[in-house]
>>> print(open('input-v3.pdb').read())   # PDB, C-alpha atoms
ATOM      1  CA  MET I   1     -10.433 -79.507 -57.727  1.00  0.00           C
ATOM      2  CA  HIS I   2     -13.256 -80.995 -59.763  1.00  0.00           C
ATOM      3  CA  THR I   3     -13.174 -80.790 -63.557  1.00  0.00           C
ATOM      4  CA  ARG I   4     -16.341 -80.528 -65.527  1.00  0.00           C
ATOM      5  CA  GLN I   5     -17.005 -83.341 -67.993  1.00  0.00           C
ATOM      6  CA  ARG I   6     -18.486 -82.732 -71.407  1.00  0.00           C
ATOM      7  CA  PRO I   7     -22.104 -83.731 -71.771  1.00  0.00           C
ATOM      8  CA  ARG I   8     -22.521 -87.097 -73.458  1.00  0.00           C
ATOM      9  CA  SER I   9     -24.680 -85.546 -76.158  1.00  0.00           C
ATOM     10  CA  SER I  10     -21.577 -83.962 -77.727  1.00  0.00           C
ATOM     11  CA  TRP I  11     -20.065 -87.336 -78.554  1.00  0.00           C
ATOM     12  CA  PRO I  12     -22.343 -88.450 -81.427  1.00  0.00           C
ATOM     13  CA  PRO I  13     -21.559 -85.371 -83.584  1.00  0.00           C
ATOM     14  CA  ARG I  14     -17.854 -85.650 -82.791  1.00  0.00           C
ATOM     15  CA  LEU I  15     -17.926 -89.346 -83.629  1.00  0.00           C
ATOM     16  CA  ALA I  16     -19.628 -88.573 -86.954  1.00  0.00           C
ATOM     17  CA  VAL I  17     -16.923 -86.041 -87.816  1.00  0.00           C
ATOM     18  CA  THR I  18     -14.203 -88.537 -86.874  1.00  0.00           C
ATOM     19  CA  LEU I  19     -15.790 -91.279 -88.974  1.00  0.00           C
ATOM     20  CA  ALA I  20     -16.181 -88.931 -91.950  1.00  0.00           C
ATOM     21  CA  ALA I  21     -12.530 -87.919 -91.696  1.00  0.00           C
ATOM     22  CA  THR I  22     -11.485 -91.553 -91.463  1.00  0.00           C
ATOM     23  CA  ALA I  23     -13.571 -92.443 -94.508  1.00  0.00           C
ATOM     24  CA  SER I  24     -11.999 -89.627 -96.518  1.00  0.00           C
ATOM     25  CA  LEU I  25      -8.570 -91.074 -95.737  1.00  0.00           C
ATOM     26  CA  ALA I  26      -9.566 -94.541 -96.881  1.00  0.00           C
ATOM     27  CA  GLY I  27      -7.541 -94.213-100.098  1.00  0.00           C
ATOM     28  CA  VAL I  28      -4.421 -93.544 -98.078  1.00  0.00           C
ATOM     29  CA  VAL I  29      -4.508 -97.052 -96.623  1.00  0.00           C
ATOM     30  CA  GLY I  30      -5.087 -98.808 -99.914  1.00  0.00           C
ATOM     31  CA  ILE I  31      -8.838 -98.985-100.429  1.00  0.00           C
ATOM     32  CA  THR I  32      -9.639 -98.881-104.129  1.00  0.00           C
ATOM     33  CA  PRO I  33     -12.632 -96.838-105.293  1.00  0.00           C
ATOM     34  CA  ALA I  34     -15.502 -99.021-106.465  1.00  0.00           C
ATOM     35  CA  ASP I  35     -15.498 -97.296-109.848  1.00  0.00           C
ATOM     36  CA  ALA I  36     -11.859 -98.023-110.680  1.00  0.00           C
ATOM     37  CA  SER I  37     -10.972 -98.833-114.277  1.00  0.00           C
ATOM     38  CA  VAL I  38      -8.497-101.556-115.216  1.00  0.00           C
ATOM     39  CA  TYR I  39      -6.642-101.544-118.544  1.00  0.00           C
ATOM     40  CA  GLY I  40      -4.645-104.382-120.103  1.00  0.00           C
ATOM     41  CA  SER I  41      -1.833-102.106-121.277  1.00  0.00           C
ATOM     42  CA  CYS I  42      -0.265 -98.781-120.418  1.00  0.00           C
ATOM     43  CA  THR I  43       0.038 -96.100-123.074  1.00  0.00           C
ATOM     44  CA  ILE I  44      -0.571 -92.922-121.061  1.00  0.00           C
ATOM     45  CA  SER I  45       2.148 -90.302-120.617  1.00  0.00           C
ATOM     46  CA  ARG I  46       3.700 -91.507-117.352  1.00  0.00           C
ATOM     47  CA  CYS I  47       3.942 -95.215-118.182  1.00  0.00           C
ATOM     48  CA  ALA I  48       7.668 -94.891-118.952  1.00  0.00           C
ATOM     49  CA  ASP I  49       8.230 -93.412-115.474  1.00  0.00           C
ATOM     50  CA  ALA I  50       6.261 -96.270-113.934  1.00  0.00           C
ATOM     51  CA  ARG I  51       8.297 -98.848-115.870  1.00  0.00           C
ATOM     52  CA  SER I  52      11.529 -97.212-114.729  1.00  0.00           C
ATOM     53  CA  ALA I  53      10.361 -97.218-111.101  1.00  0.00           C
ATOM     54  CA  ASP I  54       9.311-100.854-111.474  1.00  0.00           C
ATOM     55  CA  ALA I  55      12.789-101.788-112.713  1.00  0.00           C
ATOM     56  CA  THR I  56      14.414-100.018-109.769  1.00  0.00           C
ATOM     57  CA  TRP I  57      12.071-101.613-107.237  1.00  0.00           C
ATOM     58  CA  ALA I  58      12.723-105.014-108.887  1.00  0.00           C
ATOM     59  CA  SER I  59      16.482-104.450-108.480  1.00  0.00           C
ATOM     60  CA  LYS I  60      15.795-103.958-104.773  1.00  0.00           C
ATOM     61  CA  GLY I  61      13.874-107.253-104.648  1.00  0.00           C
ATOM     62  CA  TYR I  62      10.471-105.560-104.272  1.00  0.00           C
ATOM     63  CA  PRO I  63      10.722-104.912-100.509  1.00  0.00           C
ATOM     64  CA  THR I  64       7.624-105.890 -98.566  1.00  0.00           C
ATOM     65  CA  THR I  65       8.263-103.726 -95.515  1.00  0.00           C
ATOM     66  CA  SER I  66       6.837-100.233 -95.788  1.00  0.00           C
ATOM     67  CA  GLY I  67       9.333 -97.424 -95.526  1.00  0.00           C
ATOM     68  CA  TRP I  68      11.870 -95.233 -97.308  1.00  0.00           C
ATOM     69  CA  TYR I  69      14.465 -96.678 -99.670  1.00  0.00           C
ATOM     70  CA  SER I  70      17.439 -94.923-101.271  1.00  0.00           C
ATOM     71  CA  TRP I  71      16.988 -94.175-104.963  1.00  0.00           C
ATOM     72  CA  PRO I  72      19.552 -93.909-107.786  1.00  0.00           C
ATOM     73  CA  ASP I  73      19.045 -90.135-108.099  1.00  0.00           C
ATOM     74  CA  GLY I  74      20.238 -89.560-104.528  1.00  0.00           C
ATOM     75  CA  LYS I  75      16.711 -89.081-103.215  1.00  0.00           C
ATOM     76  CA  TYR I  76      14.391 -91.631-101.610  1.00  0.00           C
ATOM     77  CA  ASN I  77      11.302 -93.533-102.587  1.00  0.00           C
ATOM     78  CA  TYR I  78       8.591 -95.094-100.462  1.00  0.00           C
ATOM     79  CA  THR I  79       6.830 -98.418-100.398  1.00  0.00           C
ATOM     80  CA  GLY I  80       3.573 -98.653 -98.518  1.00  0.00           C
ATOM     81  CA  GLY I  81       3.741-102.414 -98.049  1.00  0.00           C
ATOM     82  CA  GLN I  82       0.898-104.726 -98.897  1.00  0.00           C
ATOM     83  CA  PHE I  83      -1.916-103.531-101.157  1.00  0.00           C
ATOM     84  CA  TYR I  84      -5.055-105.391-100.160  1.00  0.00           C
ATOM     85  CA  ASN I  85      -7.156-105.079-103.347  1.00  0.00           C
ATOM     86  CA  ARG I  86     -10.229-104.740-101.128  1.00  0.00           C
ATOM     87  CA  GLU I  87     -12.482-103.668-103.979  1.00  0.00           C
ATOM     88  CA  GLY I  88     -11.319-106.579-106.129  1.00  0.00           C
ATOM     89  CA  GLU I  89     -10.318-104.455-109.110  1.00  0.00           C
ATOM     90  CA  LEU I  90      -7.154-106.475-109.771  1.00  0.00           C
ATOM     91  CA  PRO I  91      -7.174-110.246-110.281  1.00  0.00           C
ATOM     92  CA  SER I  92      -8.118-112.035-107.072  1.00  0.00           C
ATOM     93  CA  GLY I  93      -6.111-114.677-105.279  1.00  0.00           C
ATOM     94  CA  ALA I  94      -2.846-112.736-105.439  1.00  0.00           C
ATOM     95  CA  THR I  95      -0.802-110.844-102.885  1.00  0.00           C
ATOM     96  CA  TYR I  96       0.061-107.332-104.037  1.00  0.00           C
ATOM     97  CA  TYR I  97       2.516-104.718-102.793  1.00  0.00           C
ATOM     98  CA  GLU I  98       2.466-100.995-103.526  1.00  0.00           C
ATOM     99  CA  TYR I  99       5.399 -98.778-104.445  1.00  0.00           C
ATOM    100  CA  ASP I 100       5.686 -95.071-105.205  1.00  0.00           C
ATOM    101  CA  VAL I 101       6.802 -94.095-108.689  1.00  0.00           C
ATOM    102  CA  TYR I 102       8.584 -90.798-108.005  1.00  0.00           C
ATOM    103  CA  SER I 103      11.483 -90.217-105.634  1.00  0.00           C
ATOM    104  CA  ARG I 104      11.737 -87.196-103.319  1.00  0.00           C
ATOM    105  CA  ALA I 105      13.363 -85.999-100.123  1.00  0.00           C
ATOM    106  CA  LYS I 106      13.083 -88.561 -97.334  1.00  0.00           C
ATOM    107  CA  GLY I 107       9.922 -87.892 -95.333  1.00  0.00           C
ATOM    108  CA  ALA I 108       8.246 -85.717 -97.993  1.00  0.00           C
ATOM    109  CA  SER I 109       4.551 -86.173 -98.737  1.00  0.00           C
ATOM    110  CA  ARG I 110       3.534 -88.926-101.091  1.00  0.00           C
ATOM    111  CA  ASP I 111       1.851 -88.172-104.405  1.00  0.00           C
ATOM    112  CA  ALA I 112      -0.812 -90.217-106.198  1.00  0.00           C
ATOM    113  CA  TYR I 113       1.454 -92.237-108.519  1.00  0.00           C
ATOM    114  CA  ARG I 114       1.823 -95.904-107.541  1.00  0.00           C
ATOM    115  CA  ILE I 115       2.766 -99.229-108.973  1.00  0.00           C
ATOM    116  CA  VAL I 116       1.160-102.354-107.580  1.00  0.00           C
ATOM    117  CA  VAL I 117       3.073-105.590-108.015  1.00  0.00           C
ATOM    118  CA  ASN I 118       2.008-109.205-107.811  1.00  0.00           C
ATOM    119  CA  ARG I 119       5.336-110.558-106.574  1.00  0.00           C
ATOM    120  CA  SER I 120       4.395-114.151-107.446  1.00  0.00           C
ATOM    121  CA  SER I 121       3.699-113.539-111.124  1.00  0.00           C
ATOM    122  CA  GLY I 122       5.712-110.354-111.603  1.00  0.00           C
ATOM    123  CA  VAL I 123       2.728-108.572-113.140  1.00  0.00           C
ATOM    124  CA  THR I 124       2.833-104.853-112.391  1.00  0.00           C
ATOM    125  CA  TRP I 125       0.025-102.313-112.526  1.00  0.00           C
ATOM    126  CA  PHE I 126       0.454 -98.532-112.694  1.00  0.00           C
ATOM    127  CA  SER I 127      -2.038 -96.231-111.004  1.00  0.00           C
ATOM    128  CA  PRO I 128      -1.509 -92.569-111.877  1.00  0.00           C
ATOM    129  CA  ASN I 129      -4.358 -91.440-109.632  1.00  0.00           C
ATOM    130  CA  HIS I 130      -4.104 -93.359-106.369  1.00  0.00           C
ATOM    131  CA  TYR I 131      -6.049 -96.478-107.301  1.00  0.00           C
ATOM    132  CA  THR I 132      -8.769 -94.903-109.445  1.00  0.00           C
ATOM    133  CA  ASP I 133      -7.307 -96.483-112.589  1.00  0.00           C
ATOM    134  CA  PHE I 134      -4.905 -99.384-113.135  1.00  0.00           C
ATOM    135  CA  TYR I 135      -2.784 -99.881-116.252  1.00  0.00           C
ATOM    136  CA  GLN I 136      -0.900-103.148-116.702  1.00  0.00           C
ATOM    137  CA  LEU I 137       2.759-102.509-117.513  1.00  0.00           C
TER     138      LEU I 137
END
>>> encode(input="input-v3.pdb", output="structure tokens")
Amino acid sequence: MHTRQRPRSSWPPRLAVTLAATASLAGVVGITPADASVYGSCTISRCADARSADATWASKGYPTTSGWYSWPDGKYNYTGGQFYNREGELPSGATYYEYDVYSRAKGASRDAYRIVVNRSSGVTWFSPNHYTDFYQL
């Protein structure tokens, strides 16, 4: 039995769709938008939550392996591992790691709230909108 192959001309449009989908997911893997804003302090409404999450992650030694970690409220929280600062919004020359702020059921979808930590200096940044803005805690 011989199967019919798709004509090659269908590949360029499919490739374009795949590339567009991949580009739209860029934020998921830690690419910062070029128009990100960086603030030297954090006074917005969720800064206290970010500081609390930072203290809990610090008590866990700021794990560098991405995955789920048990949280004091009986739920779990996720760390995505290294944050690459590809757009250079945060100070250069540092190694950063990203951590979720809010706990949830293990395996649940992640939201947009992150802290990014320079483990060498201990400086922590809060991003309430998945790397569009950074507020130093």
>>> residues_around(input="input-v3.pdb", residues="Trp68 in chain I", least_positions_apart="3", cutoff="8 Å", atoms="only C-alpha atoms", output="PyMOL selection string")
chain I and resi 76-79+106-107
>>> write_last_selection(input="input-v3.pdb", atoms="C-alpha atoms", output="compact mmCIF listing (two decimals), in the frame of the given file")
# COMPACT_ATOMS: atom_id res chain seq x y z
CA TYR I 76 14.39 -91.63 -101.61
CA ASN I 77 11.30 -93.53 -102.59
CA TYR I 78 8.59 -95.09 -100.46
CA THR I 79 6.83 -98.42 -100.40
CA LYS I 106 13.08 -88.56 -97.33
CA GLY I 107 9.92 -87.89 -95.33
>>> resolve_selection(input="input-v3.pdb", expression="the PyMOL selection byres ((chain I and resi 37) around 6)", output="ChimeraX atom specification")
/I:36,38,133
>>> closest_residue(input="input-v3.pdb", among="I:Gly81, I:Gly88, I:Pro72, I:Gly93", to="Ser120 in chain I", atoms="only C-alpha atoms")
I:Gly93
>>> atom_distance(input="input-v3.pdb", atom1="CA of Lys60 in chain I", atom2="CA of Tyr131 in chain I")
23.2 Å
>>> atom_distance(input="input-v3.pdb", atom1="CA of Ser92 in chain I", atom2="CA of Gly40 in chain I")
15.5 Å
>>> closest_residue(input="input-v3.pdb", among="I:Val116, I:Val101, I:Ala94, I:Ala58", to="Arg46 in chain I", atoms="all atoms listed in the file")
I:Val101
>>> resolve_selection(input="input-v3.pdb", expression="the PyMOL selection byres ((chain I and resi 100) around 8)", output="PyMOL selection string")
chain I and resi 53+77-80+98-99+101-103+110-111+113-115
>>> resolve_selection(input="input-v3.pdb", expression="the PyMOL selection byres ((chain I and resi 42) around 8)", output="MDAnalysis selection string")
chainID I and resid 39:41 43:44 47 126 135:137
>>> atom_distance(input="input-v3.pdb", atom1="CA of Pro91 in chain I", atom2="CA of Gly67 in chain I")
25.6 Å
>>> closest_residue(input="input-v3.pdb", among="I:Trp125, I:Pro63, I:Arg119, I:Asn85", to="Ala50 in chain I", atoms="all atoms listed in the file")
I:Trp125
